[in-house]
$ cat my_file.txt   # compact mmCIF, C-alpha atoms (C1' of nucleotides)
# COMPACT_ATOMS: atom_id res chain seq x y z
CA MET A 29 0.00 0.00 0.00
CA PRO A 30 1.35 3.47 -0.78
CA GLU A 31 2.81 4.99 2.38
CA LEU A 32 5.61 7.56 2.61
CA PRO A 33 8.39 5.43 0.98
CA GLU A 34 6.17 4.42 -1.92
CA VAL A 35 4.86 7.96 -2.47
CA GLU A 36 8.39 9.40 -2.23
CA THR A 37 9.56 6.88 -4.85
CA VAL A 38 6.74 8.01 -7.13
CA ARG A 39 7.51 11.69 -6.43
CA ALA A 40 11.14 11.27 -7.43
CA GLY A 41 10.11 9.54 -10.66
CA LEU A 42 7.56 12.20 -11.53
CA GLN A 43 10.06 14.96 -10.79
CA ARG A 44 12.37 13.49 -13.38
CA TRP A 45 9.72 13.00 -16.04
CA LEU A 46 7.31 15.92 -15.60
CA SER A 47 9.14 19.06 -14.45
CA GLY A 48 8.94 21.89 -16.94
CA ARG A 49 6.42 20.17 -19.23
CA THR A 50 3.16 21.75 -20.45
CA ILE A 51 -0.12 19.84 -20.32
CA ALA A 52 -1.78 19.64 -23.73
CA SER A 53 -4.63 17.18 -23.20
CA VAL A 54 -6.67 15.76 -20.32
CA GLU A 55 -8.87 12.68 -20.44
CA ILE A 56 -10.97 11.81 -17.39
CA ARG A 57 -12.37 8.32 -17.79
CA HIS A 58 -13.77 7.75 -14.29
CA ALA A 59 -15.48 10.63 -12.45
CA ARG A 60 -14.84 9.06 -9.04
CA ALA A 61 -11.11 9.68 -9.52
CA VAL A 62 -11.77 13.44 -9.51
CA ARG A 63 -14.65 13.47 -6.99
CA ARG A 64 -12.79 15.84 -4.69
CA HIS A 65 -12.58 18.46 -7.43
CA LEU A 66 -15.98 19.93 -6.58
CA ALA A 67 -16.27 21.99 -9.78
CA GLY A 68 -16.39 18.73 -11.77
CA PRO A 69 -14.30 16.86 -14.35
CA GLN A 70 -14.82 19.35 -17.16
CA ASP A 71 -13.62 22.25 -15.03
CA LEU A 72 -10.56 20.27 -13.98
CA ALA A 73 -9.66 19.41 -17.56
CA ALA A 74 -10.16 22.97 -18.80
CA ARG A 75 -7.95 24.39 -16.06
CA LEU A 76 -5.15 21.91 -16.59
CA ILE A 77 -4.78 22.34 -20.34
CA GLY A 78 -1.99 24.79 -21.05
CA ALA A 79 -0.57 24.62 -17.51
CA ARG A 80 3.13 24.09 -17.01
CA ILE A 81 4.30 21.71 -14.24
CA GLU A 82 6.94 23.47 -12.17
CA ALA A 83 7.93 20.72 -9.74
CA VAL A 84 6.63 17.68 -7.84
CA SER A 85 6.20 18.08 -4.07
CA ARG A 86 5.10 15.76 -1.28
CA ARG A 87 3.94 15.85 2.31
CA GLY A 88 3.17 12.51 3.93
CA LYS A 89 1.21 10.50 1.40
CA TYR A 90 0.04 13.52 -0.62
CA LEU A 91 1.72 14.60 -3.86
CA TRP A 92 1.19 17.90 -5.63
CA LEU A 93 2.39 19.53 -8.82
CA PRO A 94 2.66 23.35 -8.60
CA LEU A 95 1.42 24.83 -11.89
CA SER A 96 2.15 28.04 -13.72
CA SER A 97 -0.28 29.79 -16.02
CA PRO A 98 0.41 30.01 -19.77
CA GLY A 99 -0.08 33.78 -19.62
CA PRO A 100 -2.83 36.35 -20.22
CA ALA A 101 -3.09 35.58 -23.93
CA SER A 102 -4.66 32.22 -23.20
CA PRO A 103 -8.00 31.82 -21.40
CA ALA A 104 -7.06 28.28 -20.39
CA GLY A 105 -4.83 27.24 -17.54
CA PRO A 106 -4.81 27.46 -13.77
CA ASP A 107 -5.19 30.47 -11.49
CA ARG A 108 -2.09 31.84 -9.83
CA GLY A 109 -0.88 29.55 -7.05
CA GLU A 110 -2.81 26.47 -8.16
CA CYS A 111 -1.52 22.93 -8.11
CA LEU A 112 -2.62 19.45 -9.09
CA VAL A 113 -2.96 17.34 -5.94
CA ALA A 114 -2.86 13.53 -6.02
CA HIS A 115 -3.43 10.89 -3.36
CA LEU A 116 -2.86 7.24 -4.23
CA GLY A 117 -5.29 5.86 -1.65
CA MET A 118 -4.77 2.12 -1.36
CA SER A 119 -4.15 1.11 -4.93
CA GLY A 120 -3.42 4.26 -6.92
CA GLN A 121 -0.58 4.39 -9.43
CA LEU A 122 0.92 7.31 -11.35
CA LEU A 123 2.64 5.90 -14.40
CA VAL A 124 4.66 7.73 -17.05
CA GLN A 125 3.88 5.81 -20.22
CA PRO A 126 4.41 6.14 -23.98
CA ALA A 127 1.19 7.46 -25.52
CA ASP A 128 0.78 4.29 -27.57
CA ALA A 129 1.19 1.92 -24.60
CA PRO A 130 -1.85 -0.34 -24.02
CA GLN A 131 -4.45 1.11 -21.68
CA GLU A 132 -4.40 -0.26 -18.16
CA ARG A 133 -7.58 -1.92 -16.87
CA HIS A 134 -8.25 0.72 -14.19
CA LEU A 135 -6.96 3.77 -16.06
CA HIS A 136 -8.98 6.75 -14.78
CA VAL A 137 -7.09 9.91 -15.82
CA ARG A 138 -4.48 10.57 -18.49
CA LEU A 139 -2.55 13.75 -19.21
CA GLY A 140 -0.83 14.38 -22.54
CA PHE A 141 1.94 16.93 -23.01
CA ALA A 142 2.75 19.58 -25.59
CA ASP A 143 6.13 18.03 -26.37
CA GLY A 144 4.45 14.82 -27.54
CA GLY A 145 6.49 12.72 -25.11
CA ARG A 146 5.38 10.22 -22.50
CA GLU A 147 1.99 10.82 -20.87
CA LEU A 148 0.98 10.68 -17.21
CA ARG A 149 -1.63 8.08 -16.22
CA PHE A 150 -3.56 7.73 -12.97
CA ILE A 151 -4.64 4.14 -12.41
CA ASP A 152 -6.58 2.98 -9.34
CA GLN A 153 -8.23 -0.38 -8.81
CA ARG A 154 -9.96 0.34 -5.49
CA THR A 155 -10.71 3.99 -6.28
CA PHE A 156 -9.79 5.36 -2.84
CA GLY A 157 -7.30 7.71 -4.45
CA GLY A 158 -7.87 10.66 -6.71
CA VAL A 159 -6.69 13.98 -8.12
CA LEU A 160 -7.96 17.54 -7.83
CA LEU A 161 -6.93 21.12 -8.49
CA ASP A 162 -6.25 23.16 -5.38
CA HIS A 163 -4.77 26.47 -4.25
CA LEU A 164 -1.48 26.70 -2.40
CA VAL A 165 -1.75 28.29 1.04
CA PRO A 166 1.00 29.24 3.51
CA ALA A 167 2.05 26.34 5.70
CA SER A 168 0.83 26.81 9.25
CA ASP A 169 4.28 26.39 10.80
CA ARG A 170 6.58 28.19 8.30
CA SER A 171 5.50 31.29 6.42
CA ASP A 172 7.90 30.80 3.48
CA GLU A 173 6.47 27.42 2.49
CA SER A 174 3.19 26.71 0.70
CA VAL A 175 1.04 23.58 0.67
CA PRO A 176 -2.31 22.81 -0.99
CA GLY A 177 -5.35 23.70 1.14
CA GLN A 178 -6.33 20.01 1.13
CA VAL A 179 -2.98 19.16 2.73
CA ALA A 180 -2.83 22.00 5.26
CA HIS A 181 -4.17 19.85 8.11
CA ILE A 182 -1.54 17.14 7.53
CA ALA A 183 1.46 17.13 9.87
CA ARG A 184 5.00 17.04 8.57
CA ASP A 185 6.52 13.60 8.10
CA PRO A 186 9.50 12.32 10.13
CA LEU A 187 11.88 12.65 7.17
CA ASP A 188 10.99 16.34 6.76
CA PRO A 189 13.94 18.45 8.04
CA TYR A 190 11.45 20.78 9.74
CA PHE A 191 9.63 17.99 11.62
CA ASP A 192 9.35 19.13 15.24
CA ASP A 193 10.47 16.23 17.47
CA VAL A 194 9.61 18.02 20.70
CA LEU A 195 6.10 18.96 19.58
CA PHE A 196 5.50 15.39 18.41
CA SER A 197 6.61 14.02 21.78
CA VAL A 198 4.40 16.43 23.70
CA ARG A 199 1.34 15.69 21.58
CA LEU A 200 1.86 11.92 21.59
CA ARG A 201 2.34 11.82 25.37
CA ARG A 202 -0.94 13.71 25.84
CA ARG A 203 -2.90 11.02 24.00
CA ASP A 204 -5.04 8.67 25.99
CA SER A 205 -5.32 6.30 23.07
CA ALA A 206 -3.39 3.44 21.49
CA LEU A 207 0.08 4.19 20.19
CA LYS A 208 -0.59 2.61 16.82
CA ARG A 209 -3.75 4.67 16.38
CA ALA A 210 -1.66 7.78 17.03
CA LEU A 211 0.99 6.77 14.48
CA LEU A 212 -1.74 6.38 11.85
CA ASP A 213 -3.15 9.85 12.62
CA GLN A 214 -1.85 12.01 9.77
CA GLY A 215 -2.57 15.13 11.81
CA LEU A 216 0.02 14.07 14.36
CA VAL A 217 2.66 12.59 12.05
CA SER A 218 2.22 11.96 8.34
CA GLY A 219 3.37 9.28 5.95
CA ILE A 220 2.95 6.27 8.23
CA GLY A 221 0.41 3.57 7.33
CA ASN A 222 -0.26 0.10 8.61
CA ILE A 223 2.94 -1.49 7.31
CA TYR A 224 5.45 1.02 8.67
CA ALA A 225 3.53 1.49 11.92
CA ASP A 226 3.89 -2.23 12.64
CA GLU A 227 7.54 -2.27 11.59
CA SER A 228 8.45 0.80 13.65
CA LEU A 229 6.70 -0.56 16.74
CA TRP A 230 8.47 -3.91 16.32
CA ARG A 231 11.86 -2.20 16.07
CA ALA A 232 11.07 -0.07 19.14
CA ARG A 233 9.78 -3.14 21.06
CA LEU A 234 6.54 -1.31 21.80
CA HIS A 235 3.05 -2.81 21.69
CA GLY A 236 0.62 -0.88 19.50
CA GLU A 237 -1.98 -0.78 22.26
CA ARG A 238 0.26 1.08 24.73
CA ARG A 239 -1.38 4.40 25.56
CA GLY A 240 0.54 7.48 24.48
CA VAL A 241 0.28 8.94 27.98
CA THR A 242 2.28 6.01 29.41
CA LEU A 243 5.39 6.72 27.32
CA ARG A 244 8.45 8.44 28.73
CA PRO A 245 10.16 11.10 26.55
CA THR A 246 13.12 8.77 26.01
CA ALA A 247 10.80 6.07 24.66
CA VAL A 248 9.24 8.53 22.22
CA ARG A 249 12.70 9.63 21.10
CA ASP A 250 13.69 6.00 20.58
CA LEU A 251 10.48 5.27 18.66
CA LEU A 252 10.98 8.29 16.41
CA GLY A 253 14.49 7.10 15.60
CA HIS A 254 13.16 3.70 14.58
CA ILE A 255 10.40 5.29 12.48
CA ARG A 256 12.99 7.34 10.62
CA ASP A 257 15.22 4.31 10.11
CA VAL A 258 12.48 2.11 8.73
CA LEU A 259 11.15 4.82 6.42
CA ALA A 260 14.64 5.65 5.13
CA ASP A 261 15.43 1.96 4.57
CA ALA A 262 12.19 1.52 2.66
CA VAL A 263 12.81 4.61 0.50
CA ALA A 264 16.23 3.20 -0.36
CA ALA A 265 14.57 -0.09 -1.39
CA GLY A 266 12.02 1.68 -3.59
CA GLY A 267 9.13 0.90 -1.21
CA THR A 268 7.17 -2.23 -0.40
CA SER A 269 5.30 -4.21 -3.07
CA PHE A 270 3.17 -7.18 -2.04
CA ASP A 271 1.36 -7.37 -5.35
CA ALA A 272 0.97 -5.34 -8.53
CA LEU A 273 -0.93 -2.59 -6.69
CA TYR A 274 2.17 -0.57 -5.86
CA VAL A 275 4.76 0.17 -8.54
CA ASN A 276 6.93 3.19 -9.35
CA VAL A 277 6.30 5.51 -12.32
CA ASN A 278 7.94 2.98 -14.64
CA GLY A 279 5.78 0.11 -13.38
CA GLN A 280 8.56 -1.52 -11.34
CA SER A 281 8.07 -3.02 -7.85
CA GLY A 282 9.94 -2.03 -4.69
CA TYR A 283 11.69 -4.72 -2.69
CA PHE A 284 11.40 -3.64 0.97
CA ASP A 285 8.92 -6.49 1.59
CA ARG A 286 11.98 -8.75 1.92
CA SER A 287 13.13 -6.66 4.89
CA LEU A 288 9.87 -6.67 6.85
CA SER A 289 10.18 -8.17 10.34
CA ALA A 290 6.57 -8.16 11.59
CA TYR A 291 4.04 -6.97 9.03
CA GLY A 292 2.69 -9.86 6.95
CA ARG A 293 4.82 -12.38 8.88
CA ALA A 294 2.09 -13.93 11.06
CA GLY A 295 3.13 -17.39 12.23
CA GLU A 296 6.77 -16.89 11.20
CA PRO A 297 9.46 -16.65 13.90
CA CYS A 298 10.33 -13.19 15.17
CA PRO A 299 13.77 -12.33 13.70
CA ARG A 300 14.85 -11.20 17.19
CA CYS A 301 13.62 -13.88 19.59
CA GLY A 302 12.06 -16.64 17.49
CA THR A 303 8.56 -16.35 18.97
CA PRO A 304 5.89 -16.68 16.26
CA ILE A 305 4.64 -13.30 15.06
CA ARG A 306 0.98 -12.78 15.96
CA ARG A 307 -1.64 -11.06 13.88
CA VAL A 308 -4.72 -9.45 15.45
CA ALA A 309 -7.56 -7.25 14.26
CA PHE A 310 -7.14 -3.57 15.11
CA MET A 311 -9.02 -0.53 13.84
CA ASN A 312 -10.73 -2.44 11.03
CA ARG A 313 -7.35 -3.63 9.78
CA SER A 314 -4.62 -5.98 10.98
CA SER A 315 -1.72 -5.59 13.38
CA SER A 316 1.33 -7.85 13.39
CA PHE A 317 3.65 -7.96 16.38
CA CYS A 318 5.89 -10.20 18.46
CA PRO A 319 4.07 -11.16 21.67
CA CYS A 320 7.42 -11.66 23.43
CA CYS A 321 9.39 -8.56 22.35
CA GLN A 322 6.34 -6.29 22.36
CA ARG A 323 4.61 -6.90 25.66
CA PRO A 324 0.95 -5.85 25.74
CA PRO A 325 0.09 -3.13 28.27
CA ARG A 326 -1.53 -4.10 31.55
CA PRO A 327 -5.30 -3.61 31.49
CA ARG A 328 -6.28 -0.29 33.02
CA ALA A 329 -7.92 -0.40 36.43
CA ARG A 330 -11.65 0.35 36.15
CA LYS A 331 -12.90 3.42 37.98
CA GLU A 332 -15.57 2.67 40.60
C1' DT B 11 -12.84 18.53 22.78
C1' DA B 12 -10.97 14.00 22.33
C1' DT B 13 -11.53 9.58 20.81
C1' DT B 14 -13.62 5.79 18.23
C1' DT B 15 -16.29 3.64 14.60
C1' DA B 16 -18.08 2.81 10.11
C1' DA B 17 -18.39 3.50 5.28
C1' DC B 18 -16.35 3.86 0.94
C1' DC B 19 -14.37 0.44 -2.93
C1' DT B 20 -12.54 -3.64 -5.92
C1' DG B 21 -10.67 -8.01 -6.90
C1' DG B 22 -8.19 -12.04 -5.29
C1' DA B 23 -8.42 -16.01 -2.23
C1' DC B 24 -10.99 -19.37 -0.20
C1' DG B 25 -14.74 -22.61 1.12
C1' DC B 26 -18.75 -24.95 -0.19
C1' DT C 28 -18.05 -23.70 -12.39
C1' DG C 29 -20.50 -20.51 -9.69
C1' DC C 30 -21.71 -18.29 -5.67
C1' DG C 31 -21.01 -16.08 -1.20
C1' DT C 32 -17.86 -14.36 2.19
C1' DC C 33 -13.67 -12.46 3.85
C1' DC C 34 -9.75 -9.56 3.49
C1' DA C 35 -6.60 -5.74 2.27
C1' DG C 36 -6.48 -0.34 4.41
C1' DG C 37 -6.25 5.53 3.80
C1' DT C 38 -9.36 8.97 4.69
C1' DT C 39 -13.11 11.29 6.74
C1' DA C 40 -17.81 12.06 8.40
C1' DA C 41 -20.51 10.67 12.04
C1' DA C 42 -21.08 8.86 16.53
C1' DT C 43 -19.75 8.42 21.29

$ encode --input "my_file.txt" --output "structure tokens"
Amino acid sequence: MPELPEVETVRAGLQRWLSGRTIASVEIRHARAVRRHLAGPQDLAARLIGARIEAVSRRGKYLWLPLSSPGPASPAGPDRGECLVAHLGMSGQLLVQPADAPQERHLHVRLGFADGGRELRFIDQRTFGGVLLDHLVPASDRSDESVPGQVAHIARDPLDPYFDDVLFSVRLRRRDSALKRALLDQGLVSGIGNIYADESLWRARLHGERRGVTLRPTAVRDLLGHIRDVLADAVAAGGTSFDALYVNVNGQSGYFDRSLSAYGRAGEPCPRCGTPIRRVAFMNRSSSFCPCCQRPPRPRARKE
DNA sequence: TATTTAACCTGGACGC
DNA sequence: TGCGTCCAGGTTAAAT
């Protein structure tokens, strides 16, 4: 599933292929893929045609392409400060393909370019992802940085040089809820999904059901270090691919799945102590952990 | 206000 | 072979 390492891999690929190119055609084949663009598919297409892609940015699992207008002579194109925002959801792919390449089964949006080169395709089997046009707004924590309005509520990710470790620790240690739930809250820390939450907790020897309020500052610091390590390792491996649902912009799989210690390893021996990894239901999804290395918290005493 | 739950969605795997 | 059920999980609105 696309989490920070997978999205960063896609961002780097798009940066290479798309920067400086001008959009010449837009085909929206599935309206659900643009459902968050409230003005509708036709408005999105009209605004994108003629726009020049300046860069490819990312925060957490969100990608966006800042756009520049073609100039006053053309009625088409985006407003000043607009950008194309993309979220891959669970199964979204952004592929850079030759225009004559066969159409993918779940191809929803395709962008052609004025230079006649490779086109950009948004493919999404489970349709949780999508694209929209949005305005850039000043980031809440640094005035010289802009993010799309849709992304403004998302916290920085742990690989962001401006991530505030102290603020994260304070906010996490105020939480009277499960640690794993907190790690999945993109408003607290972005980029972490089910896979890297489980892996980070395994590395930190922490059970996902520990309450945030029970953690000492040193434990949070240790956890944050492990989160950064696992994310960086996964970025270096090109992300995690369990099936064909996650690939980079060239359609190639990542290989971090070979390095996973807990996620997807239910029944296999823990690489650290040999105890079989256990899988349990948690938050309408699954959690994998070592019942020996990651001791569950003691049940809280009930108030009379 | 803080926290938790459910719905959205598709296709592969599995059991009968 | 066909049908029904379960599972995967990021985001967010609604409920508690």

$ closest_atom_pairs --input "my_file.txt" --of "chain C" --to "chain A" --cutoff "10 Å" --atoms "all atoms listed in the file" --output "JSON lines"
{"residue": "C:DC34", "atom": "C1'", "partner": "A:Arg313", "partner_atom": "CA", "distance": 9.0}
{"residue": "C:DA35", "atom": "C1'", "partner": "A:Arg313", "partner_atom": "CA", "distance": 7.8}
{"residue": "C:DG36", "atom": "C1'", "partner": "A:Arg313", "partner_atom": "CA", "distance": 6.4}
{"residue": "C:DG37", "atom": "C1'", "partner": "A:Gly117", "partner_atom": "CA", "distance": 5.5}
{"residue": "C:DT38", "atom": "C1'", "partner": "A:Gly117", "partner_atom": "CA", "distance": 8.2}

$ interface_residues --input "my_file.txt" --of "chain A" --to "chain B" --cutoff "7 Å" --atoms "only C-alpha atoms (C1' of nucleotides)" --output "list of chain:residue names"
A:Gln153, A:Arg154, A:Thr155, A:Phe156

$ residues_near_point --input "my_file.txt" --point "(3.8, 4.6, -4.7)" --cutoff "12 Å" --atoms "only C-alpha atoms (C1' of nucleotides)" --output "VMD selection string"
chain A and resid 29 to 42 86 88 to 91 114 to 123 150 to 152 157 219 262 to 263 266 to 269 272 to 282

$ residues_around --input "my_file.txt" --residues "Gln43 (chain A)" --least-positions-apart "4" --cutoff "7 Å" --atoms "only C-alpha atoms (C1' of nucleotides)" --output "VMD selection string"
chain A and resid 39 47 83 to 84

$ write_last_selection --input "my_file.txt" --atoms "C-alpha atoms" --output "mmCIF file, in the frame of the given file"
data_model
loop_
_atom_site.group_PDB
_atom_site.id
_atom_site.type_symbol
_atom_site.label_atom_id
_atom_site.label_comp_id
_atom_site.auth_asym_id
_atom_site.auth_seq_id
_atom_site.Cartn_x
_atom_site.Cartn_y
_atom_site.Cartn_z
ATOM 1 C CA ARG A 39 7.510 11.690 -6.430
ATOM 2 C CA SER A 47 9.140 19.060 -14.450
ATOM 3 C CA ALA A 83 7.930 20.720 -9.740
ATOM 4 C CA VAL A 84 6.630 17.680 -7.840
#

$ axis_aligned_box --input "my_file.txt" --around "region 12-18 of chain B" --padding-each-side "4 Å" --output "lines of an AutoDock Vina configuration file"
center_x = -14.7
center_y = 8.4
center_z = 11.6
size_x = 15.4
size_y = 19.2
size_z = 29.4

$ closest_residue --input "my_file.txt" --among "A:Ala180, A:Leu161, A:Val248, A:Leu211" --to "Asp193 (chain A)" --atoms "all atoms listed in the file"
A:Val248

$ closest_residue --input "my_file.txt" --among "A:Asp162, A:Asp204, A:Asp128, A:Asp261" --to "Gly145 (chain A)" --atoms "only C-alpha atoms"
A:Asp128

$ closest_residue --input "my_file.txt" --among "A:Gly68, A:Pro166, A:Gly292, A:Gly48" --to "Tyr224 (chain A)" --atoms "all atoms listed in the file"
A:Gly292

$ decode --input "my_file.txt" --residues "chain B" --atoms "C-alpha atoms (C1' of nucleotides)" --output "mmCIF file, in the first residue's frame"
data_model
loop_
_atom_site.group_PDB
_atom_site.id
_atom_site.type_symbol
_atom_site.label_atom_id
_atom_site.label_comp_id
_atom_site.auth_asym_id
_atom_site.auth_seq_id
_atom_site.Cartn_x
_atom_site.Cartn_y
_atom_site.Cartn_z
ATOM 1 C "C1'" DT B 11 -12.837 18.535 22.783
ATOM 2 C "C1'" DA B 12 -10.969 14.005 22.334
ATOM 3 C "C1'" DT B 13 -11.532 9.583 20.810
ATOM 4 C "C1'" DT B 14 -13.616 5.790 18.230
ATOM 5 C "C1'" DT B 15 -16.293 3.645 14.595
ATOM 6 C "C1'" DA B 16 -18.076 2.808 10.106
ATOM 7 C "C1'" DA B 17 -18.395 3.505 5.283
ATOM 8 C "C1'" DC B 18 -16.349 3.857 0.944
ATOM 9 C "C1'" DC B 19 -14.374 0.443 -2.930
ATOM 10 C "C1'" DT B 20 -12.544 -3.644 -5.919
ATOM 11 C "C1'" DG B 21 -10.669 -8.014 -6.897
ATOM 12 C "C1'" DG B 22 -8.186 -12.039 -5.292
ATOM 13 C "C1'" DA B 23 -8.417 -16.010 -2.226
ATOM 14 C "C1'" DC B 24 -10.991 -19.370 -0.199
ATOM 15 C "C1'" DG B 25 -14.741 -22.607 1.119
ATOM 16 C "C1'" DC B 26 -18.747 -24.949 -0.187
#
